[in-house]
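Participant: Got a file for you: start28.txt, compact mmCIF, C-alpha atoms.
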```
# COMPACT_ATOMS: atom_id res chain seq x y z
CA MET A 188 108.04 91.90 149.73
CA MET A 189 111.51 92.66 148.37
CA GLU A 190 114.69 93.76 150.10
CA LEU A 191 117.30 96.24 148.93
CA LYS A 192 120.78 95.91 150.40
CA VAL A 193 123.16 98.81 149.84
CA TRP A 194 126.64 97.31 149.73
CA GLY A 195 128.15 100.60 148.56
CA GLY A 196 127.41 103.84 146.73
CA ALA A 197 124.78 105.50 148.95
CA GLY A 198 125.89 108.36 151.16
CA GLU A 199 129.28 108.27 149.49
CA HIS A 200 130.99 108.73 146.13
CA GLY A 201 132.27 105.34 145.00
CA ARG A 202 131.94 101.52 145.29
CA SER A 203 128.42 101.47 143.84
CA CYS A 204 126.80 98.11 144.60
CA TYR A 205 123.10 97.35 145.16
CA VAL A 206 121.47 93.95 145.72
CA ILE A 207 117.71 93.40 145.39
CA THR A 208 116.20 90.16 146.67
CA GLY A 209 112.71 88.80 146.05
CA ASN A 210 111.14 85.39 146.62
CA GLN A 211 112.48 83.97 143.37
CA HIS A 212 115.40 86.15 142.23
CA ARG A 213 118.35 88.05 143.65
CA ILE A 214 120.05 90.60 141.36
CA MET A 215 123.03 92.93 141.71
CA LEU A 216 123.44 96.38 140.15
CA ASP A 217 127.15 97.25 139.73
CA CYS A 218 130.05 96.23 141.96
CA GLY A 219 132.68 98.96 142.20
CA VAL A 220 135.50 100.28 144.34
CA LYS A 221 136.40 103.52 146.06
CA LYS A 222 139.76 105.24 146.14
CA GLY A 223 141.25 105.79 149.55
CA GLY A 224 144.09 103.90 151.20
CA THR A 225 144.71 100.73 149.20
CA GLY A 226 141.11 100.75 147.99
CA GLN A 227 137.69 100.32 149.56
CA TYR A 228 135.39 97.54 148.39
CA PRO A 229 131.64 96.87 148.70
CA LEU A 230 130.33 95.55 152.00
CA LEU A 231 129.69 92.10 150.54
CA GLU A 232 127.74 89.43 152.35
CA GLU A 233 129.67 86.54 150.88
CA ASN A 234 127.06 83.88 151.67
CA LEU A 235 124.53 85.63 149.38
CA ILE A 236 126.76 85.85 146.32
CA PRO A 237 126.38 82.27 145.00
CA ASP A 238 122.60 82.75 144.90
CA LEU A 239 122.66 85.80 142.60
CA THR A 240 120.39 85.29 139.60
CA ALA A 241 122.08 87.97 137.50
CA VAL A 242 124.55 90.86 137.74
CA PHE A 243 124.13 94.08 135.75
CA LEU A 244 126.96 96.52 135.02
CA SER A 245 125.94 100.04 134.05
CA HIS A 246 129.38 101.16 132.80
CA ALA A 247 133.12 100.55 133.06
CA HIS A 248 134.29 103.23 135.52
CA GLU A 249 136.16 101.66 138.41
CA ASP A 250 133.72 102.86 141.06
CA HIS A 251 131.11 100.65 139.39
CA SER A 252 133.14 97.69 138.12
CA MET A 253 136.44 96.90 139.81
CA ALA A 254 135.04 94.65 142.56
CA LEU A 255 133.29 92.31 140.09
CA PRO A 256 136.01 89.61 140.34
CA LEU A 257 135.17 89.24 144.04
CA LEU A 258 131.83 87.78 142.99
CA TYR A 259 133.56 84.93 141.20
CA LYS A 260 135.99 84.47 144.09
CA HIS A 261 133.01 83.99 146.41
CA GLY A 262 131.08 81.58 144.28
CA TYR A 263 129.10 83.43 141.61
CA ARG A 264 128.97 81.38 138.42
CA GLY A 265 126.55 83.45 136.38
CA GLU A 266 126.96 86.18 133.81
CA ILE A 267 127.41 89.94 133.89
CA TRP A 268 125.09 91.93 131.64
CA ALA A 269 126.84 94.93 130.05
CA THR A 270 127.28 96.68 126.72
CA LYS A 271 130.05 95.87 124.27
CA PRO A 272 131.94 99.18 124.77
CA THR A 273 131.82 98.63 128.53
CA VAL A 274 133.36 95.17 128.30
CA LYS A 275 136.07 96.45 125.96
CA GLN A 276 137.02 99.24 128.38
CA LEU A 277 137.33 96.99 131.43
CA GLU A 278 140.85 95.84 130.57
CA HIS A 279 142.09 99.43 130.86
CA TYR A 280 140.39 99.93 134.20
CA PHE A 281 141.70 96.69 135.68
CA ASP A 282 145.22 97.71 134.67
CA HIS A 283 144.71 101.18 136.15
CA TRP A 284 143.27 99.82 139.42
CA ARG A 285 146.08 97.27 139.76
CA LYS A 286 148.66 100.05 139.46
CA TYR A 287 146.78 102.24 141.93
CA VAL A 288 146.72 99.51 144.58
CA ALA A 289 150.36 98.56 143.99
CA GLY A 290 151.35 102.22 144.22
CA ARG A 291 149.88 102.26 147.75
CA ASN A 292 151.79 99.07 148.66
CA GLY A 293 148.56 97.13 148.72
CA GLU A 294 147.34 93.87 147.21
CA LEU A 295 144.22 93.13 145.22
CA PRO A 296 141.72 90.98 147.15
CA TYR A 297 141.28 88.80 144.05
CA GLY A 298 143.54 87.20 141.49
CA GLN A 299 143.82 87.12 137.73
CA GLU A 300 141.95 83.82 137.76
CA HIS A 301 138.89 85.63 139.12
CA ILE A 302 139.13 88.34 136.45
CA SER A 303 139.43 85.64 133.79
CA ALA A 304 136.41 83.83 135.23
CA MET A 305 134.07 86.73 134.47
CA ARG A 306 131.52 85.94 131.78
CA PHE A 307 129.50 88.58 129.95
CA ARG A 308 126.24 88.86 128.07
CA ILE A 309 126.19 91.79 125.67
CA LEU A 310 123.03 93.83 126.03
CA GLU A 311 122.83 95.27 122.54
CA GLU A 312 123.44 91.82 121.00
CA GLU A 313 120.47 90.42 122.90
CA VAL A 314 117.95 93.24 122.58
CA ALA A 315 117.75 96.74 121.13
CA GLY A 316 117.64 99.68 123.51
CA GLY A 317 114.10 100.42 124.70
CA GLU A 318 112.80 96.88 124.10
CA TRP A 319 112.04 94.29 126.76
CA LEU A 320 114.13 91.13 127.08
CA GLN A 321 112.98 88.07 128.99
CA LEU A 322 115.90 86.83 131.11
CA GLN A 323 114.14 84.24 133.25
CA ASP A 324 110.67 83.55 134.56
CA ARG A 325 109.39 86.83 136.10
CA LEU A 326 112.60 88.68 135.27
CA ARG A 327 112.75 91.11 132.35
CA LEU A 328 115.05 93.92 131.35
CA ARG A 329 115.18 96.99 129.15
CA TRP A 330 118.02 99.46 128.79
CA GLY A 331 118.78 102.92 127.42
CA ARG A 332 121.88 105.04 126.86
CA SER A 333 122.70 107.18 129.89
CA GLY A 334 125.05 109.78 128.33
CA HIS A 335 127.70 109.38 131.06
CA MET A 336 130.39 107.67 128.97
CA LEU A 337 130.63 105.43 125.94
CA GLY A 338 128.61 102.28 126.65
CA SER A 339 126.92 103.53 129.84
CA VAL A 340 123.27 102.60 130.37
CA TRP A 341 120.26 102.97 132.62
CA LEU A 342 118.13 99.92 133.38
CA ARG A 343 114.43 99.17 133.82
CA ILE A 344 113.88 95.78 135.44
CA TYR A 345 110.63 93.88 135.88
CA MET A 346 111.13 91.36 138.67
CA GLU A 347 108.41 89.33 140.38
CA ASP A 348 105.60 91.77 139.58
CA ARG A 349 107.69 94.77 140.65
CA HIS A 350 109.18 97.46 138.45
CA LEU A 351 112.67 98.75 139.30
CA PHE A 352 114.68 101.58 137.80
CA TYR A 353 118.44 102.14 138.03
CA SER A 354 119.77 105.31 136.43
CA GLY A 355 123.42 104.29 136.60
CA ASP A 356 125.48 107.45 136.16
CA PHE A 357 123.35 109.75 134.02
CA SER A 358 123.87 112.98 132.08
CA ARG A 359 121.85 114.65 129.33
CA GLU A 360 124.52 117.29 128.73
CA SER A 361 127.38 115.47 127.08
CA GLY A 362 128.65 117.23 123.98
CA LEU A 363 129.17 113.90 122.21
CA LEU A 364 126.94 111.21 123.70
CA VAL A 365 123.20 110.60 123.43
CA ALA A 366 121.11 110.06 126.56
CA ASP A 367 117.80 108.25 126.12
CA PRO A 368 115.07 109.73 128.34
CA PRO A 369 113.95 107.00 130.73
CA ASP A 370 110.26 107.93 130.73
CA ALA A 371 107.93 105.25 129.43
CA SER A 372 106.19 107.45 126.84
CA SER A 373 109.43 108.29 125.02
CA LEU A 374 110.06 104.58 124.53
CA GLY A 375 106.56 103.74 123.46
CA GLU A 376 105.91 101.61 126.53
CA THR A 377 102.42 100.24 126.89
CA SER A 378 100.77 97.91 129.34
CA SER A 379 100.94 95.11 126.77
CA ASP A 380 104.73 95.21 127.01
CA LEU A 381 104.42 93.89 130.54
CA ASP A 382 101.56 91.45 130.18
CA ARG A 383 99.26 94.31 131.24
CA LYS A 384 100.91 94.66 134.64
CA PRO A 385 100.78 98.18 136.12
CA THR A 386 103.78 100.26 135.05
CA GLY A 387 104.27 102.07 138.36
CA ILE A 388 107.84 101.77 139.64
CA SER A 389 108.32 100.34 143.13
CA LEU A 390 111.94 101.42 143.57
CA SER A 391 114.28 103.80 141.74
CA ILE A 392 117.99 104.13 142.48
CA MET A 393 118.88 107.52 141.06
CA ASP A 394 122.17 109.33 140.41
CA ASN A 395 122.48 112.57 142.38
CA ALA A 396 126.26 112.88 142.50
CA TYR A 397 126.13 116.69 142.29
CA GLY A 398 123.70 117.04 145.17
CA THR A 399 122.25 120.55 145.44
CA ASP A 400 124.18 121.90 142.44
CA GLU A 401 121.79 123.52 139.96
CA GLU A 402 124.26 124.88 137.41
CA SER A 403 123.90 123.82 133.79
CA GLN A 404 126.71 122.46 131.64
CA ASP A 405 126.81 125.71 129.67
CA GLN A 406 127.37 127.69 132.86
CA LYS A 407 130.19 125.42 133.95
CA LEU A 408 131.85 125.50 130.53
CA ASP A 409 131.62 129.27 130.38
CA LEU A 410 133.44 129.50 133.72
CA LEU A 411 136.05 126.98 132.58
CA GLY A 412 136.56 128.80 129.28
CA ARG A 413 137.06 132.19 130.90
CA PHE A 414 139.52 130.74 133.43
CA ALA A 415 141.54 128.88 130.77
CA GLN A 416 141.63 132.01 128.60
CA ARG A 417 143.20 134.02 131.42
CA VAL A 418 145.87 131.38 132.02
CA LEU A 419 146.73 131.03 128.34
CA GLU A 420 146.92 134.79 127.87
CA ARG A 421 149.49 135.10 130.65
CA GLY A 422 151.58 132.42 128.94
CA GLY A 423 150.69 129.52 131.22
CA HIS A 424 149.78 125.92 130.51
CA VAL A 425 146.40 124.54 131.65
CA LEU A 426 146.56 120.94 132.91
CA MET A 427 143.25 119.04 132.98
CA PRO A 428 143.56 115.50 134.42
CA VAL A 429 140.60 113.39 133.26
CA PRO A 430 139.58 109.71 133.09
CA ALA A 431 140.77 107.86 130.00
CA PHE A 432 137.12 107.32 129.02
CA GLY A 433 134.34 109.77 129.81
CA ARG A 434 134.50 113.50 130.21
CA GLY A 435 138.03 113.64 128.74
CA GLN A 436 136.77 113.21 125.19
CA ASP A 437 133.99 115.75 125.70
CA LEU A 438 136.39 118.32 127.13
CA LEU A 439 138.96 117.72 124.42
CA LEU A 440 136.46 118.55 121.69
CA TRP A 441 135.11 121.47 123.69
CA ALA A 442 138.64 122.88 123.97
CA ARG A 443 139.12 122.44 120.23
CA ARG A 444 135.98 124.52 119.57
CA ARG A 445 136.53 127.12 122.28
CA PHE A 446 140.22 127.66 121.47
CA PRO A 447 140.56 126.80 117.76
CA ASN A 448 144.05 128.31 117.42
CA ARG A 449 145.51 127.07 120.70
CA HIS A 450 147.76 124.04 120.92
CA ILE A 451 146.45 120.97 122.75
CA LEU A 452 148.61 118.19 124.18
CA ALA A 453 146.54 115.04 124.76
CA GLU A 454 147.76 111.70 126.04
CA PRO A 455 147.37 108.72 123.66
CA GLU A 456 144.78 106.93 125.83
CA ILE A 457 142.41 109.90 125.64
CA VAL A 458 142.80 110.25 121.88
CA GLU A 459 142.33 106.50 121.48
CA GLY A 460 139.11 106.85 123.46
CA LEU A 461 138.00 109.48 120.96
CA ARG A 462 138.74 107.12 118.08
CA GLN A 463 136.73 104.39 119.80
CA MET A 464 133.78 106.73 120.06
CA ALA A 465 133.87 107.25 116.30
CA GLU A 466 133.62 103.47 115.89
CA TRP A 467 130.45 103.29 118.02
CA LYS A 468 128.29 105.74 116.08
CA HIS A 469 125.06 104.55 117.70
CA TRP A 470 126.12 106.14 120.98
CA LEU A 471 126.84 109.59 119.51
CA ARG A 472 124.82 112.74 119.06
CA PRO A 473 124.11 113.85 115.47
CA GLY A 474 127.17 115.63 114.10
CA ALA A 475 129.52 114.25 116.75
CA GLU A 476 131.30 111.94 114.31
CA ARG A 477 132.26 114.89 112.12
CA GLN A 478 133.53 116.83 115.15
CA ILE A 479 135.70 113.87 116.14
CA GLU A 480 137.17 113.58 112.64
CA GLU A 481 137.98 117.29 112.54
CA ALA A 482 139.63 117.17 115.97
CA LEU A 483 141.75 114.14 115.11
CA SER A 484 143.03 115.80 111.94
CA SER A 485 143.75 119.19 113.55
CA PRO A 486 147.35 120.44 113.34
CA TYR A 487 146.85 121.93 116.82
CA LEU A 488 146.31 118.51 118.44
CA HIS A 489 149.55 116.88 119.60
CA VAL A 490 149.74 113.32 120.90
CA PRO A 491 153.09 112.66 122.59
CA ALA A 492 154.84 109.43 121.63
CA CYS A 493 157.47 109.58 124.37
CA GLN A 494 158.60 111.49 127.45
CA ASP A 495 161.07 113.59 125.48
CA GLU A 496 158.24 114.90 123.31
CA ARG A 497 156.17 115.80 126.38
CA LEU A 498 159.08 117.77 127.80
CA ARG A 499 159.79 119.47 124.50
CA ARG A 500 156.16 120.58 124.17
CA LEU A 501 156.09 121.92 127.73
CA GLN A 502 159.27 123.89 127.12
CA GLY A 503 158.09 125.24 123.75
CA ASN A 504 156.84 128.68 122.86
CA HIS A 505 153.12 127.86 122.86
CA PRO A 506 150.89 127.84 125.95
CA LEU A 507 149.17 124.45 126.05
CA LEU A 508 145.87 122.93 127.05
CA ILE A 509 147.03 119.58 128.45
CA PHE A 510 144.82 116.52 128.85
CA THR A 511 146.31 113.65 130.83
CA THR A 512 144.71 110.52 132.25
CA ASP A 513 143.65 109.95 135.87
CA GLY A 514 141.28 112.61 137.12
CA MET A 515 142.44 112.15 140.72
CA MET A 516 146.11 112.52 139.72
CA GLU A 517 147.33 109.33 141.36
CA SER A 518 149.20 108.07 138.28
CA PRO A 519 152.94 108.78 137.76
CA ARG A 520 152.24 110.63 134.52
CA ALA A 521 149.70 113.01 136.06
CA ARG A 522 152.12 113.64 138.93
CA TRP A 523 154.93 114.28 136.44
CA TYR A 524 152.91 116.95 134.64
CA ALA A 525 152.07 118.57 137.98
CA SER A 526 155.73 118.57 139.00
CA ARG A 527 156.74 120.31 135.76
CA LEU A 528 154.10 123.03 136.20
CA ALA A 529 154.50 123.41 139.97
CA PRO A 530 157.22 126.11 140.17
CA ASP A 531 155.52 128.64 137.87
CA ALA A 532 152.48 130.57 139.12
CA ASN A 533 151.46 131.30 135.52
CA HIS A 534 150.42 127.65 135.04
CA ALA A 535 147.21 126.09 136.34
CA VAL A 536 145.70 122.71 137.18
CA VAL A 537 141.93 122.35 136.73
CA ILE A 538 140.14 119.47 138.47
CA THR A 539 136.91 118.87 136.55
CA GLY A 540 135.55 115.89 138.50
CA HIS A 541 135.41 114.28 141.91
CA ALA A 542 138.60 114.15 144.00
CA SER A 543 138.50 111.51 146.73
CA GLU A 544 139.94 112.17 150.17
CA GLY A 545 143.65 111.32 150.28
CA THR A 546 144.24 111.57 146.53
CA PHE A 547 146.79 113.96 145.04
CA ALA A 548 144.02 115.95 143.36
CA ARG A 549 142.32 116.52 146.73
CA ARG A 550 145.62 117.57 148.34
CA LEU A 551 146.18 120.05 145.52
CA LEU A 552 142.74 121.57 146.00
CA LYS A 553 143.29 121.85 149.75
CA GLY A 554 146.70 123.48 149.26
CA GLU A 555 148.47 120.58 150.96
CA ALA A 556 150.81 119.59 148.11
CA VAL A 557 154.33 120.80 148.86
CA GLY A 558 156.06 123.05 146.33
CA MET A 559 153.02 123.85 144.18
CA SER A 560 153.12 127.49 143.11
CA CYS A 561 150.86 127.04 140.11
CA GLU A 562 147.17 127.81 140.45
CA THR A 563 144.81 124.93 141.26
CA VAL A 564 141.01 125.18 140.94
CA ARG A 565 138.01 122.91 140.70
CA ILE A 566 135.58 123.69 137.88
CA GLY A 567 133.26 120.76 137.35
CA TYR A 568 132.14 119.26 134.07
CA LYS A 569 128.75 117.56 134.27
CA ILE A 570 128.69 113.82 133.78
CA HIS A 571 126.21 113.23 136.61
CA GLN A 572 122.93 114.68 137.81
CA GLY A 573 122.45 117.76 139.97
CA LEU A 574 119.29 118.99 141.62
CA ASN A 575 117.45 120.15 138.50
CA ASP A 576 118.28 116.90 136.72
CA VAL A 577 116.85 114.87 139.60
CA ARG A 578 113.67 116.97 139.54
CA ARG A 579 113.22 116.12 135.87
CA MET A 580 113.92 112.41 136.34
CA LEU A 581 111.47 112.20 139.22
CA GLN A 582 108.78 113.38 136.80
CA GLU A 583 109.84 110.87 134.15
CA VAL A 584 110.02 107.84 136.42
CA PRO A 585 107.62 108.45 139.32
CA SER A 586 108.29 105.80 141.93
CA ARG A 587 106.94 104.67 145.27
CA HIS A 588 110.48 104.82 146.68
CA THR A 589 113.46 106.72 145.24
CA LEU A 590 116.94 106.26 146.68
CA LEU A 591 119.32 109.10 145.81
CA VAL A 592 122.93 107.95 145.55
CA HIS A 593 126.51 108.83 144.61
CA ALA A 594 126.92 111.84 146.93
CA PRO A 595 128.07 112.33 150.54
CA GLN A 596 125.40 111.69 153.15
CA ALA A 597 125.04 115.31 154.30
CA GLU A 598 124.55 116.49 150.72
CA THR A 599 122.01 113.76 150.00
CA ASP A 600 120.07 114.60 153.15
CA GLN A 601 119.84 118.22 152.03
CA VAL A 602 118.45 117.21 148.63
CA VAL A 603 115.91 114.82 150.17
CA ALA A 604 114.69 117.51 152.56
CA ARG A 605 114.48 120.15 149.86
CA LEU A 606 112.65 117.99 147.33
CA GLY A 607 110.36 116.73 150.07
CA ARG A 608 109.31 120.29 150.81
CA GLU A 609 108.61 120.72 147.10
CA GLY A 610 106.14 117.84 147.26
CA HIS A 611 108.15 114.92 145.88
CA PRO A 612 107.13 111.78 147.80
CA GLY A 613 109.05 108.63 148.72
CA LEU A 614 112.60 110.02 148.70
CA LEU A 615 115.19 107.98 150.60
CA SER A 616 118.64 108.66 151.97
CA LEU A 617 120.33 105.43 153.04
CA LYS A 618 123.94 104.76 153.94
CA SER A 619 126.15 102.01 152.59
CA GLY A 620 125.64 98.94 154.73
CA GLU A 621 121.94 99.69 155.29
CA SER A 622 118.95 97.88 153.82
CA MET A 623 115.22 98.38 153.37
CA VAL A 624 112.17 96.26 152.66
CA PHE A 625 109.72 97.54 150.04
```
Is it possible to give me this structure as structure tokens?

Facilitator:
Amino acid sequence: MMELKVWGGAGEHGRSCYVITGNQHRIMLDCGVKKGGTGQYPLLEENLIPDLTAVFLSHAHEDHSMALPLLYKHGYRGEIWATKPTVKQLEHYFDHWRKYVAGRNGELPYGQEHISAMRFRILEEEVAGGEWLQLQDRLRLRWGRSGHMLGSVWLRIYMEDRHLFYSGDFSRESGLLVADPPDASSLGETSSDLDRKPTGISLSIMDNAYGTDEESQDQKLDLLGRFAQRVLERGGHVLMPVPAFGRGQDLLLWARRRFPNRHILAEPEIVEGLRQMAEWKHWLRPGAERQIEEALSSPYLHVPACQDERLRRLQGNHPLLIFTTDGMMESPRARWYASRLAPDANHAVVITGHASEGTFARRLLKGEAVGMSCETVRIGYKIHQGLNDVRRMLQEVPSRHTLLVHAPQAETDQVVARLGREGHPGLLSLKSGESMVF
């Protein structure tokens, strides 16, 4: 028998952390944080951490990565398996998380020495995507691109005669990034790959961040485009706060295509993320490299070098599409943009991702931010799975048990009940802090 411990990420959005223990190995999938107060961390059982065989990191976003130093604080001496882009992006996220905690008058529960202690093994340097890699006796791994952000992956793990699947954060609908289908046939998997063990999956941990949402990316982008067009036509600016890496690059290129003659103001970190994507061609869809080159050379794309330039652009004669970092608008720069747009009802703020309780983005959406006359709406951009996406993945990776994660408990329960009525077996809805034997 094996045991799954959910230390975070199930029944909630954030602090993804899953530990699977067998007779011989104990592995961890991600170790992230959750915004709220001075930060919420996984429900670690510290005595188990030194015995971890391996730790796997699906991508760099803080809700999957920023608690990793706690492992080294509590005695882990092993390595973290991740892709090269993911490791490169972590420095940005540690800096961002440090500032977030300090801005709430909090302290990190780990020190720089624990960040420096982290050691990495680079997945794509060890094995190509779709191929099996022997890590230890009775522990093998294969990975594929998950389409969520540059460097993000899903994982298939063979551990002690059991097959496990972890989707990480998954999206097939990125405008720039490739997502590898996780089904065995698309990767040419045969029984000989696994010493002729059966390929049935015992446990899947599957992204369902969008719960019952069945809208496609095209539907969401059409709604966003029509809304932005109305704001621009009335002379207003459209502010879109986004993560430095992830949907920001997708939305920037979408805006360039949808509004070819409109001026775009994009913060340097987002544009630098776009340049990084051009360096990692293997992660891109066909034709994406050319789109990136055209966007970077566009005379309508403006990258501010200083605060004076930001102010000058805002006060200019052209309505702007503005891309700034920090999708939850906790950073000083995102707040500054909001303060400049606040007095004028012609302007608008569009939240395209999740807004945690207590963040400035959530207060804006609830109408609780004082002095905000500009319009604020939430129009999502898909970087996770909704209901139709989960249906498809359940067909690709049929499993004895499937734990749906990354959404509030009530939403997850609705999806489990609905898919159960449709005939999908083995669906689970656990809460963080719970465990199961399988």

Participant: Considering only C-alpha atoms, state which residue in the set A:Ile309, A:Val425, A:Ile302, A:Ala289 is at the smallest distance from Pro272 (chain A).

Facilitator: A:Ile309

Participant: Return the single residue from A:His335, A:Arg522, A:Arg449, A:His505 that is closest to Pro428 (chain A), with distances computed using all atoms listed in the file.

Facilitator: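 Checking each of A:His335, A:Arg522, A:Arg449, A:His505 against Pro428 (chain A), counting all atoms listed in the file, the winner is A:Arg522.
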
Participant: Would you mind telling me which residue in A:Leu471, A:Ala548, A:Leu363, A:Leu426 lies nearest to Leu452 (chain A) when using all atoms listed in the file?

Facilitator: A:Leu426

Participant: List the spatial neighbours of region 217-230 of chain A as a list in words - criterion: any atom at most 7 Å away, only C-alpha atoms, same-chain residues fewer than 3 positions off excluded.

Facilitator: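 Using only C-alpha atoms, the neighbours found are Trp194, Gly195, Gly201, Arg202, Ser203, Cys204, Tyr205, Phe243, Leu244, Ser245, Glu249, Asp250, His251, Ser252, Met253, Ala254, Leu255, Val288, Arg291, Gly293, Ser543, Glu544, Gly545 and Gly620 of chain A.
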
Participant: Leaving out Leu411 (chain A) and any residue of its chain fewer than 4 positions from it, which residues lie within 10 Å of it when counting all atoms listed in the file, given as a ChimeraX atom specification?

Facilitator: /A:405-407,415-416,442,537,539,564-568

Participant: Which is closest to Glu481 (chain A) among A:Val365, A:Met623, A:Leu440, A:Leu498, if we use all atoms listed in the file?

Facilitator: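 Among the listed residues, the smallest separation from Glu481 (chain A) belongs to A:Leu440.
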
Participant: Need the shell around Gln404 (chain A): protein/DNA/RNA residues with any atom at most 12 Å away, counting only C-alpha atoms. Skip same-chain ones fewer than 6 positions apart. Format as a VMD selection string?

Facilitator: chain A and resid 358 to 362 410 to 412 434 437 to 438 441 539 566 to 573 575 to 576

Participant: Can you work out which one of A:Ile214, A:Leu390, A:Ala396, A:Ala247 has the shortest atom-to-atom distance to Val274 (chain A), counting only C-alpha atoms?

Facilitator: A:Ala247

Participant: What does the distance from CA of Phe547 (chain A) to CA of Tyr297 (chain A) come to in Å, to one decimal?

Facilitator: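 If I compute the distance from CA of Phe547 (chain A) to CA of Tyr297 (chain A), I get 25.8 Å.
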
Participant: Write out as a ChimeraX atom specification each polymer residue whose atoms come within 9 Å of region 584-601 of chain A, counting all atoms listed in the file; drop sequence neighbours fewer than 3 positions from it.

Facilitator: /A:196-201,203,351-352,356,369-371,387-399,577,579-581,604-606,612-618,625

Participant: One decimal, in Å: what's the spacing between CA of Glu562 (chain A) and CA of Val429 (chain A)?

Facilitator: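 Result for CA of Glu562 (chain A) versus CA of Val429 (chain A): 17.4 Å, one decimal.
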
Participant: Near His489 (chain A), counting only C-alpha atoms, which residues have an atom at most 10 Å away, once you skip same-chain residues fewer than 5 positions from it, shown as a CSV table (one decimal) with C-alpha atoms, keeping the file's coordinate frame?

Facilitator:
```csv
chain,number,residue,atom,x,y,z
A,450,HIS,CA,147.8,124.0,120.9
A,451,ILE,CA,146.4,121.0,122.8
A,452,LEU,CA,148.6,118.2,124.2
A,453,ALA,CA,146.5,115.0,124.8
A,454,GLU,CA,147.8,111.7,126.0
A,455,PRO,CA,147.4,108.7,123.7
A,458,VAL,CA,142.8,110.2,121.9
A,483,LEU,CA,141.8,114.1,115.1
A,496,GLU,CA,158.2,114.9,123.3
A,497,ARG,CA,156.2,115.8,126.4
A,500,ARG,CA,156.2,120.6,124.2
A,507,LEU,CA,149.2,124.4,126.0
A,509,ILE,CA,147.0,119.6,128.4
```
